[in-house]
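Colleague: Handing over coords.csv, CSV, C-alpha atoms and all ligand atoms.
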chain,number,residue,atom,x,y,z
A,1,MET,CA,54.7,40.8,26.5
A,2,SER,CA,57.8,38.6,26.2
A,3,GLU,CA,60.8,40.4,24.6
A,4,SER,CA,61.4,37.2,22.6
A,5,MET,CA,57.9,37.3,21.1
A,6,THR,CA,58.1,37.4,17.3
A,7,TYR,CA,55.5,37.7,14.5
A,8,PRO,CA,55.3,36.6,10.9
A,9,GLY,CA,57.2,38.8,8.5
A,10,VAL,CA,54.1,39.4,6.3
A,11,VAL,CA,50.5,39.3,7.7
A,12,LEU,CA,47.3,39.9,5.8
A,13,VAL,CA,44.5,41.7,7.8
A,14,THR,CA,41.0,42.0,6.3
A,15,GLY,CA,38.7,44.8,7.4
A,16,GLY,CA,41.8,46.8,8.3
A,17,ALA,CA,40.6,50.2,7.2
A,18,ALA,CA,38.8,50.8,10.5
A,19,GLY,CA,38.0,49.5,13.9
A,20,MET,CA,39.8,46.5,15.4
A,21,GLY,CA,41.4,45.5,12.1
A,22,ALA,CA,43.2,48.9,11.8
A,23,HIS,CA,44.4,48.5,15.4
A,24,HIS,CA,45.7,45.0,14.7
A,25,ALA,CA,47.5,46.3,11.6
A,26,ARG,CA,49.1,49.3,13.4
A,27,THR,CA,50.3,47.2,16.3
A,28,LEU,CA,51.7,44.4,14.1
A,29,ALA,CA,53.5,47.0,12.0
A,30,ALA,CA,55.0,48.6,15.1
A,31,ARG,CA,56.3,45.2,16.1
A,32,GLY,CA,58.1,44.6,12.7
A,33,SER,CA,55.6,42.8,10.4
A,34,HIS,CA,54.8,44.0,6.9
A,35,VAL,CA,51.0,44.3,7.0
A,36,CYS,CA,48.8,43.9,4.0
A,37,ILE,CA,45.6,45.7,4.7
A,38,ALA,CA,42.7,44.4,2.7
A,39,ASP,CA,39.3,46.1,2.8
A,40,VAL,CA,36.3,46.9,0.7
A,41,SER,CA,36.9,50.5,1.9
A,42,ASP,CA,40.0,52.6,1.2
A,43,SER,CA,42.7,51.7,3.8
A,44,SER,CA,45.4,54.1,2.5
A,45,ALA,CA,45.0,56.3,5.6
A,46,VAL,CA,46.0,53.5,7.9
A,47,VAL,CA,48.8,52.5,5.6
A,48,ASP,CA,50.1,56.2,5.5
A,49,ASP,CA,50.0,56.3,9.4
A,50,ILE,CA,52.0,53.1,9.6
A,51,VAL,CA,54.6,54.3,7.1
A,52,SER,CA,54.8,57.7,8.8
A,53,ALA,CA,55.6,55.9,12.0
A,54,GLY,CA,58.4,53.9,10.4
A,55,GLY,CA,56.5,50.7,9.7
A,56,SER,CA,55.7,48.8,6.5
A,57,ALA,CA,52.2,48.2,5.1
A,58,SER,CA,50.3,48.0,1.8
A,59,ALA,CA,46.7,48.6,0.9
A,60,HIS,CA,44.7,46.0,-1.1
A,61,LEU,CA,41.2,46.5,-2.3
A,62,LEU,CA,39.2,43.4,-1.4
A,63,ASP,CA,35.6,42.5,-1.0
A,64,VAL,CA,35.9,39.3,1.1
A,65,THR,CA,32.8,37.8,-0.5
A,66,ASP,CA,34.6,37.7,-3.9
A,67,ALA,CA,36.7,34.5,-4.2
A,68,GLU,CA,38.5,35.6,-7.3
A,69,ALA,CA,39.5,38.9,-5.7
A,70,TRP,CA,41.1,36.9,-2.9
A,71,VAL,CA,43.2,35.1,-5.4
A,72,ARG,CA,44.2,38.4,-7.0
A,73,VAL,CA,45.3,39.8,-3.6
A,74,VAL,CA,47.3,36.7,-2.7
A,75,ASP,CA,49.0,37.0,-6.1
A,76,GLU,CA,49.9,40.6,-5.4
A,77,ILE,CA,51.4,39.6,-2.1
A,78,ARG,CA,53.3,36.7,-3.7
A,79,THR,CA,54.7,39.1,-6.3
A,80,THR,CA,55.6,42.0,-4.0
A,81,ARG,CA,56.6,40.2,-0.7
A,82,GLY,CA,57.2,36.6,-1.8
A,83,GLU,CA,55.8,35.1,1.4
A,84,LEU,CA,52.9,35.2,3.8
A,85,GLY,CA,53.0,34.0,7.4
A,86,GLY,CA,49.8,35.3,8.9
A,87,LEU,CA,46.1,36.0,8.1
A,88,VAL,CA,43.6,37.7,10.3
A,89,ASN,CA,40.1,37.2,9.0
A,90,ASN,CA,38.7,40.3,10.7
A,91,ALA,CA,36.2,41.8,8.2
A,92,GLY,CA,32.7,41.5,9.4
A,93,ILE,CA,29.3,43.1,9.7
A,94,SER,CA,26.5,42.9,12.3
A,95,ARG,CA,22.9,43.9,12.0
A,96,ARG,CA,21.1,43.5,15.4
A,97,LEU,CA,17.8,42.0,14.1
A,98,GLU,CA,15.7,39.3,15.7
A,99,PHE,CA,14.8,36.2,13.8
A,100,MET,CA,11.4,37.3,12.3
A,101,ASP,CA,12.8,40.8,11.5
A,102,THR,CA,15.8,39.5,9.5
A,103,PRO,CA,15.3,40.0,5.8
A,104,ASN,CA,16.6,37.3,3.5
A,105,ASP,CA,19.1,39.6,1.9
A,106,ILE,CA,20.6,40.6,5.3
A,107,TRP,CA,20.9,36.9,6.2
A,108,GLU,CA,22.7,36.2,2.9
A,109,LEU,CA,25.0,39.2,3.1
A,110,THR,CA,26.0,38.5,6.7
A,111,MET,CA,26.8,34.9,5.9
A,112,LYS,CA,28.8,35.8,2.8
A,113,ILE,CA,30.9,38.4,4.6
A,114,ASN,CA,31.4,36.8,8.0
A,115,LEU,CA,31.6,33.1,7.0
A,116,PHE,CA,32.1,32.6,3.2
A,117,GLY,CA,34.8,35.4,3.2
A,118,PRO,CA,37.1,33.6,5.7
A,119,PHE,CA,36.5,30.3,3.8
A,120,TYR,CA,37.6,31.9,0.5
A,121,GLY,CA,40.4,33.6,2.3
A,122,MET,CA,41.9,30.5,3.9
A,123,LYS,CA,41.6,28.6,0.6
A,124,ALA,CA,43.4,31.4,-1.2
A,125,VAL,CA,46.3,31.9,1.3
A,126,ALA,CA,47.0,28.3,2.2
A,127,PRO,CA,49.3,27.5,-0.8
A,128,LEU,CA,51.5,30.6,-0.2
A,129,MET,CA,51.6,30.1,3.5
A,130,ARG,CA,52.6,26.5,2.9
A,131,GLU,CA,55.4,27.6,0.6
A,132,SER,CA,56.4,30.1,3.3
A,133,GLY,CA,57.1,27.3,5.7
A,134,GLY,CA,53.7,27.5,7.6
A,135,GLY,CA,51.8,30.2,9.3
A,136,SER,CA,49.0,31.2,11.6
A,137,ILE,CA,45.4,32.1,10.7
A,138,VAL,CA,43.3,34.0,13.2
A,139,ASN,CA,39.5,34.1,12.5
A,140,ILE,CA,37.6,36.8,14.4
A,141,SER,CA,34.4,35.2,15.5
A,142,SER,CA,32.5,36.6,18.5
A,143,ILE,CA,30.9,35.5,21.8
A,144,ALA,CA,27.8,35.3,19.4
A,145,GLY,CA,29.6,32.3,18.0
A,146,GLN,CA,29.7,30.6,21.4
A,147,ILE,CA,26.2,31.3,22.9
A,148,GLY,CA,22.7,31.6,21.7
A,149,TYR,CA,22.6,35.2,20.4
A,150,PHE,CA,19.3,36.8,19.5
A,151,SER,CA,20.3,37.9,15.9
A,152,PRO,CA,20.3,34.7,13.8
A,153,ALA,CA,22.4,35.9,10.8
A,154,TYR,CA,25.2,37.2,13.0
A,155,SER,CA,25.1,34.3,15.4
A,156,SER,CA,25.0,31.7,12.7
A,157,SER,CA,27.8,33.3,10.7
A,158,LYS,CA,30.0,33.4,13.8
A,159,TRP,CA,29.2,29.9,15.0
A,160,GLY,CA,30.0,28.8,11.5
A,161,LEU,CA,33.3,30.6,11.7
A,162,THR,CA,34.1,28.8,15.0
A,163,GLY,CA,33.5,25.5,13.3
A,164,LEU,CA,35.2,26.4,10.1
A,165,SER,CA,38.3,27.3,12.1
A,166,LYS,CA,38.4,23.9,13.8
A,167,SER,CA,37.9,22.2,10.4
A,168,ALA,CA,40.7,24.1,8.8
A,169,ALA,CA,43.0,23.6,11.8
A,170,GLY,CA,42.8,19.8,11.2
A,171,ASN,CA,43.3,20.1,7.4
A,172,PHE,CA,46.1,22.6,7.5
A,173,ALA,CA,48.2,21.1,10.4
A,174,GLN,CA,50.1,19.0,7.9
A,175,TRP,CA,51.4,22.2,6.3
A,176,GLY,CA,52.4,23.8,9.6
A,177,ILE,CA,49.5,26.2,9.4
A,178,ARG,CA,47.7,26.9,12.7
A,179,VAL,CA,44.1,28.1,12.7
A,180,ASN,CA,42.4,29.5,15.8
A,181,SER,CA,39.4,31.8,16.5
A,182,VAL,CA,39.2,34.8,18.8
A,183,HIS,CA,35.9,35.7,20.4
A,184,PRO,CA,35.6,39.3,21.5
A,185,GLY,CA,32.9,40.6,23.8
A,186,LEU,CA,31.8,44.2,23.5
A,187,VAL,CA,34.3,46.6,22.0
A,188,GLY,CA,33.6,50.2,21.1
A,189,THR,CA,33.8,50.4,17.3
A,190,ALA,CA,31.5,51.6,14.5
A,191,LEU,CA,30.0,48.1,14.6
A,192,LEU,CA,28.2,49.0,17.8
A,193,GLY,CA,27.4,52.5,16.4
A,194,GLY,CA,24.2,54.0,17.8
A,195,ALA,CA,23.3,51.0,20.0
A,196,ASN,CA,23.9,52.8,23.3
A,197,ASP,CA,21.0,51.3,25.2
A,198,PHE,CA,21.9,47.8,24.0
A,199,VAL,CA,25.5,48.3,25.1
A,200,ALA,CA,24.6,49.7,28.5
A,201,ALA,CA,22.2,46.8,29.2
A,202,SER,CA,24.7,44.3,27.9
A,203,LEU,CA,27.4,45.6,30.3
A,204,LYS,CA,25.2,44.5,33.2
A,205,SER,CA,26.1,40.9,32.2
A,206,VAL,CA,29.8,41.6,32.0
A,207,PRO,CA,31.6,40.7,35.3
A,208,PHE,CA,34.4,43.3,34.5
A,209,GLY,CA,31.6,45.9,34.0
A,210,ARG,CA,33.1,47.5,30.9
A,211,MET,CA,33.8,47.0,27.2
A,212,GLY,CA,37.1,45.6,26.0
A,213,THR,CA,39.7,47.9,24.7
A,214,LEU,CA,41.3,47.7,21.2
A,215,ASP,CA,44.6,46.7,22.8
A,216,GLU,CA,43.0,43.8,24.8
A,217,ILE,CA,41.6,42.2,21.6
A,218,THR,CA,44.8,42.9,19.6
A,219,GLU,CA,47.0,41.3,22.2
A,220,ALA,CA,45.0,38.1,22.0
A,221,VAL,CA,45.2,38.1,18.1
A,222,LEU,CA,48.9,38.8,18.2
A,223,PHE,CA,49.6,36.0,20.7
A,224,LEU,CA,48.0,33.6,18.3
A,225,LEU,CA,50.0,34.9,15.4
A,226,SER,CA,53.2,34.8,17.4
A,227,ASN,CA,55.9,32.3,18.2
A,228,SER,CA,54.4,32.1,21.7
A,229,SER,CA,51.6,29.9,20.5
A,230,THR,CA,53.3,27.3,18.2
A,231,TYR,CA,51.4,24.3,19.8
A,232,THR,CA,48.0,26.1,19.8
A,233,THR,CA,45.6,25.2,16.9
A,234,GLY,CA,41.9,24.6,16.6
A,235,THR,CA,41.1,26.5,19.8
A,236,GLU,CA,38.8,29.4,20.8
A,237,LEU,CA,40.2,32.4,22.7
A,238,THR,CA,37.4,34.3,24.4
A,239,VAL,CA,38.2,37.9,25.3
A,240,ASP,CA,35.0,39.2,26.9
A,241,GLY,CA,35.5,40.3,30.6
A,242,GLY,CA,33.8,37.1,31.8
A,243,LEU,CA,30.5,37.5,29.9
A,244,VAL,CA,30.3,34.0,28.4
A,245,SER,CA,31.6,32.1,31.5
A,246,ASN,CA,29.9,34.1,34.2
A,247,GLY,CA,27.5,36.7,32.7
A,248,LEU,CA,24.3,34.9,33.8
A,249,TYR,CA,25.0,34.6,37.5
A,250,HIS,CA,26.8,37.9,37.6
A,251,ARG,CA,23.6,39.6,36.6
A,252,ILE,CA,21.3,37.4,38.8
A,253,ILE,CA,23.4,38.2,41.9
A,254,ALA,CA,23.7,41.9,41.0
A,255,GLU,CA,19.9,42.1,40.6
A,256,THR,CA,18.8,40.1,43.6
A,257,GLY,CA,21.6,41.3,45.9
A,258,GLU,CA,21.2,38.1,48.0
A,259,LEU,CA,22.2,34.5,47.6
A,260,SER,CA,19.5,32.7,49.7
A,301,LIG,P1,34.1,47.8,12.1
A,301,LIG,O1,32.7,48.0,11.5
A,301,LIG,O2,34.6,48.9,12.9
A,301,LIG,O3,35.1,47.5,11.0
A,301,LIG,C1,34.8,46.4,10.0
A,301,LIG,C2,35.7,46.6,8.8
A,301,LIG,O4,35.4,45.5,7.9
A,301,LIG,C3,35.5,47.9,8.1
A,301,LIG,O5,36.8,48.5,7.7
A,301,LIG,C4,34.8,47.5,6.8
A,301,LIG,O6,35.0,48.3,5.7
A,301,LIG,C5,35.3,46.1,6.6
A,301,LIG,N1,34.4,45.3,5.8
A,301,LIG,C6,33.1,45.2,5.8
A,301,LIG,N2,32.6,44.4,4.8
A,301,LIG,C7,33.7,44.0,4.1
A,301,LIG,C8,33.9,43.2,3.0
A,301,LIG,N3,32.8,42.7,2.3
A,301,LIG,N4,35.1,43.0,2.5
A,301,LIG,C9,36.2,43.6,3.1
A,301,LIG,N5,36.1,44.4,4.2
A,301,LIG,C10,34.9,44.6,4.7
A,301,LIG,O7,34.0,46.5,13.0
A,301,LIG,P2,34.8,46.0,14.2
A,301,LIG,O8,34.0,46.2,15.5
A,301,LIG,O9,36.2,46.4,14.2
A,301,LIG,O10,34.8,44.4,13.9
A,301,LIG,C11,35.8,43.6,13.5
A,301,LIG,C12,35.5,42.2,13.7
A,301,LIG,O11,35.2,41.9,15.1
A,301,LIG,C13,34.2,41.7,12.9
A,301,LIG,O12,34.4,40.4,12.4
A,301,LIG,C14,33.2,41.7,14.1
A,301,LIG,O13,32.1,40.8,13.8
A,301,LIG,C15,34.0,41.2,15.2
A,301,LIG,N6,33.5,41.6,16.5
A,301,LIG,C16,33.2,42.8,16.9
A,301,LIG,C17,32.7,43.1,18.2
A,301,LIG,C18,32.5,44.5,18.7
A,301,LIG,O14,31.9,44.7,19.8
A,301,LIG,N7,32.9,45.6,18.0
A,301,LIG,C19,32.5,42.0,19.1
A,301,LIG,C20,32.7,40.7,18.7
A,301,LIG,C21,33.2,40.5,17.4
What would you get if you wrote out this structure as structure tokens?

Modeller:
Amino acid sequence: MSESMTYPGVVLVTGGAAGMGAHHARTLAARGSHVCIADVSDSSAVVDDIVSAGGSASAHLLDVTDAEAWVRVVDEIRTTRGELGGLVNNAGISRRLEFMDTPNDIWELTMKINLFGPFYGMKAVAPLMRESGGGSIVNISSIAGQIGYFSPAYSSSKWGLTGLSKSAAGNFAQWGIRVNSVHPGLVGTALLGGANDFVAASLKSVPFGRMGTLDEITEAVLFLLSNSSTYTTGTELTVDGGLVSNGLYHRIIAETGELS
């Protein structure tokens, strides 16, 4: 990490009450940003931790599927902080269901949280970010938004988010707002809860042979928020131990043990 790396003064992180979002929030606060943690669950424990450690953070109740609630949260930030330089659209859900097993309500909920939420969010924050002199938006997609993934709701929502990020990057460039997507591989959070056999089998396709750590994902997100990526927009940053690029032949060679 370069000592000259700086981050926006105020950053909004969705889904920051737990998992990777909480780690992004804690790390950003430790590096000097005020972090607005927005979650449908209570994020006051993470805020208290940050404040106890000498950082600055605020909790905002937000269901990302509610466009009006987004406007309310951005108004709160405008009133209390007067600026916004970063948004991490991190809130997301995953139900590991194959196509014919996916109920319509799960399809709709997954699309609403993982794809509609970031759309409402980017629309709500853009004016304040523009007034703040520009900013950086990081959308947390997944490797499931880069390859054919067995679960249609999750995969479609994350592919949608990949495309939405590129579309917004083009629209928002005129305002000095960058938009990029991060694509984590497997990371041990509640999102993977109970799927031990699935995770163990998946790791056989990961050249690094392990899950990613919270720090490894956070560093990618913070790079895209920082002044070290000022010419980077509309791009995909994959953080997966080589799964997307090399998982197939890694597994084939490991299973056959021979190349001829
Ligand atoms: P997590 O389940 O640990 O945390 C998700 C957070 O989002 C929770 O705090 C939850 O309350 C919040 N949330 C859920 N619905 C919400 C809503 N409607 N409005 C506001 N907040 C809501 O998950 P995680 O593993 O930390 O995942 C974070 C992001 O990373 C998600 O977008 C996920 O799809 C993505 N991701 C995770 C993995 C992984 O292996 N864990 C891999 C690739 C991508």

Colleague: Would you mind listing the residues within 7 Å of ligand LIG 301 (chain A), counting only C-alpha atoms and all ligand atoms, as a PDB file with C-alpha atoms, in the coordinates of the input?

Modeller:
ATOM      1  CA  THR A  14      41.000  42.000   6.300  1.00  0.00           C
ATOM      2  CA  GLY A  15      38.700  44.800   7.400  1.00  0.00           C
ATOM      3  CA  GLY A  16      41.800  46.800   8.300  1.00  0.00           C
ATOM      4  CA  ALA A  17      40.600  50.200   7.200  1.00  0.00           C
ATOM      5  CA  ALA A  18      38.800  50.800  10.500  1.00  0.00           C
ATOM      6  CA  GLY A  19      38.000  49.500  13.900  1.00  0.00           C
ATOM      7  CA  MET A  20      39.800  46.500  15.400  1.00  0.00           C
ATOM      8  CA  GLY A  21      41.400  45.500  12.100  1.00  0.00           C
ATOM      9  CA  ALA A  38      42.700  44.400   2.700  1.00  0.00           C
ATOM     10  CA  ASP A  39      39.300  46.100   2.800  1.00  0.00           C
ATOM     11  CA  VAL A  40      36.300  46.900   0.700  1.00  0.00           C
ATOM     12  CA  SER A  41      36.900  50.500   1.900  1.00  0.00           C
ATOM     13  CA  LEU A  62      39.200  43.400  -1.400  1.00  0.00           C
ATOM     14  CA  ASP A  63      35.600  42.500  -1.000  1.00  0.00           C
ATOM     15  CA  VAL A  64      35.900  39.300   1.100  1.00  0.00           C
ATOM     16  CA  THR A  65      32.800  37.800  -0.500  1.00  0.00           C
ATOM     17  CA  ASN A  90      38.700  40.300  10.700  1.00  0.00           C
ATOM     18  CA  ALA A  91      36.200  41.800   8.200  1.00  0.00           C
ATOM     19  CA  GLY A  92      32.700  41.500   9.400  1.00  0.00           C
ATOM     20  CA  ILE A  93      29.300  43.100   9.700  1.00  0.00           C
ATOM     21  CA  SER A  94      26.500  42.900  12.300  1.00  0.00           C
ATOM     22  CA  ILE A 113      30.900  38.400   4.600  1.00  0.00           C
ATOM     23  CA  ASN A 114      31.400  36.800   8.000  1.00  0.00           C
ATOM     24  CA  ILE A 140      37.600  36.800  14.400  1.00  0.00           C
ATOM     25  CA  SER A 141      34.400  35.200  15.500  1.00  0.00           C
ATOM     26  CA  SER A 142      32.500  36.600  18.500  1.00  0.00           C
ATOM     27  CA  ILE A 143      30.900  35.500  21.800  1.00  0.00           C
ATOM     28  CA  HIS A 183      35.900  35.700  20.400  1.00  0.00           C
ATOM     29  CA  PRO A 184      35.600  39.300  21.500  1.00  0.00           C
ATOM     30  CA  GLY A 185      32.900  40.600  23.800  1.00  0.00           C
ATOM     31  CA  LEU A 186      31.800  44.200  23.500  1.00  0.00           C
ATOM     32  CA  VAL A 187      34.300  46.600  22.000  1.00  0.00           C
ATOM     33  CA  GLY A 188      33.600  50.200  21.100  1.00  0.00           C
ATOM     34  CA  THR A 189      33.800  50.400  17.300  1.00  0.00           C
ATOM     35  CA  ALA A 190      31.500  51.600  14.500  1.00  0.00           C
ATOM     36  CA  LEU A 191      30.000  48.100  14.600  1.00  0.00           C
ATOM     37  CA  LEU A 192      28.200  49.000  17.800  1.00  0.00           C
TER      38      LEU A 192
END

Colleague: Mind pulling up the distance from CA of Ala57 (chain A) to CA of Thr218 (chain A)?

Modeller: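 Value for the CA of Thr218 (chain A)-CA of Ala57 (chain A) distance: 17.1 Å.
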
Colleague: For CA of Asn139 (chain A) and CA of Lys112 (chain A), quote the distance in Å rounded to one decimal.

Modeller: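 Atom-to-atom, CA of Asn139 (chain A) and CA of Lys112 (chain A) are spaced 14.5 Å apart.
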
Colleague: What's the 10 Å shell around Glu236 (chain A), counting only C-alpha atoms, without same-chain residues fewer than 3 positions away, as a PyMOL selection string?

Modeller: chain A and resi 138-142+146+162-163+165-166+179-183+232-233+239

Colleague: Quick one: of A:Lys123, A:Leu87, A:Phe172, A:Ala29, who's nearest to Val46 (chain A), counting only C-alpha atoms?

Modeller: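 When distances to Val46 (chain A) are compared using only C-alpha atoms, the smallest one comes from A:Ala29.
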
Colleague: Determine, for each residue of region 137-190 of chain A having at least one atom at most 8 Å from an atom of region 115-120 of chain A, the closest pair of atoms and their separation in Å to one decimal, counting all atoms listed in the file; order by chain and ascending number, as JSON lines.

Modeller:
{"residue": "A:Asn139", "atom": "CA", "partner": "A:Pro118", "partner_atom": "CA", "distance": 7.2}
{"residue": "A:Ser157", "atom": "CA", "partner": "A:Leu115", "partner_atom": "CA", "distance": 5.3}
{"residue": "A:Lys158", "atom": "CA", "partner": "A:Leu115", "partner_atom": "CA", "distance": 7.0}
{"residue": "A:Gly160", "atom": "CA", "partner": "A:Leu115", "partner_atom": "CA", "distance": 6.4}
{"residue": "A:Leu161", "atom": "CA", "partner": "A:Leu115", "partner_atom": "CA", "distance": 5.6}
{"residue": "A:Leu164", "atom": "CA", "partner": "A:Phe119", "partner_atom": "CA", "distance": 7.5}

Colleague: State, in Å with one decimal place, the distance from CA of Asn89 (chain A) to CA of Thr110 (chain A).

Modeller: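 CA of Asn89 (chain A) sits 14.3 Å away from CA of Thr110 (chain A).
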
Colleague: Between A:Met5, A:Ile253, A:Ala153, A:Ala30, which one has atoms that come closest to Asp101 (chain A), using all atoms listed in the file?

Modeller: A:Ala153

Colleague: Which of these, A:Leu128, A:Val73, A:Val244, A:Asp197, has the shortest distance to Gly148 (chain A) once you count all atoms listed in the file?

Modeller: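 Closest residue, counting all atoms listed in the file: A:Val244.
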
Colleague: What's around Arg72 (chain A) at 12 Å? Count all atoms listed in the file, leave out sequence neighbours fewer than 2 positions away in its own chain, and write the answer as a list in words.

Modeller: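 Non-adjacent residues within range: Ala38, His60, Leu61, Leu62, Asp63, Val64, Asp66, Ala67, Glu68, Ala69, Trp70, Val74, Asp75, Glu76, Ile77, Arg78, Thr79, Tyr120, Gly121, Ala124 and Val125 of chain A.
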
Colleague: Which is closest to Ser202 (chain A) among A:Leu243, A:Val88, A:Ile177, A:Ala45, if we use all atoms listed in the file?

Modeller: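 Closest to Ser202 (chain A), using all atoms listed in the file: A:Leu243.
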
Colleague: Which residues are close to Ser245 (chain A), i.e. within 12 Å by only C-alpha atoms, leaving aside same-chain residues fewer than 3 positions away? Reply as a list in words.

Modeller: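 Residues meeting the cut-off are Ile143, Gln146, Ile147, Gly185, Ser205, Val206, Pro207, Phe208, Thr238, Val239, Asp240, Gly241, Gly242, Leu248, Tyr249 and His250 of chain A.
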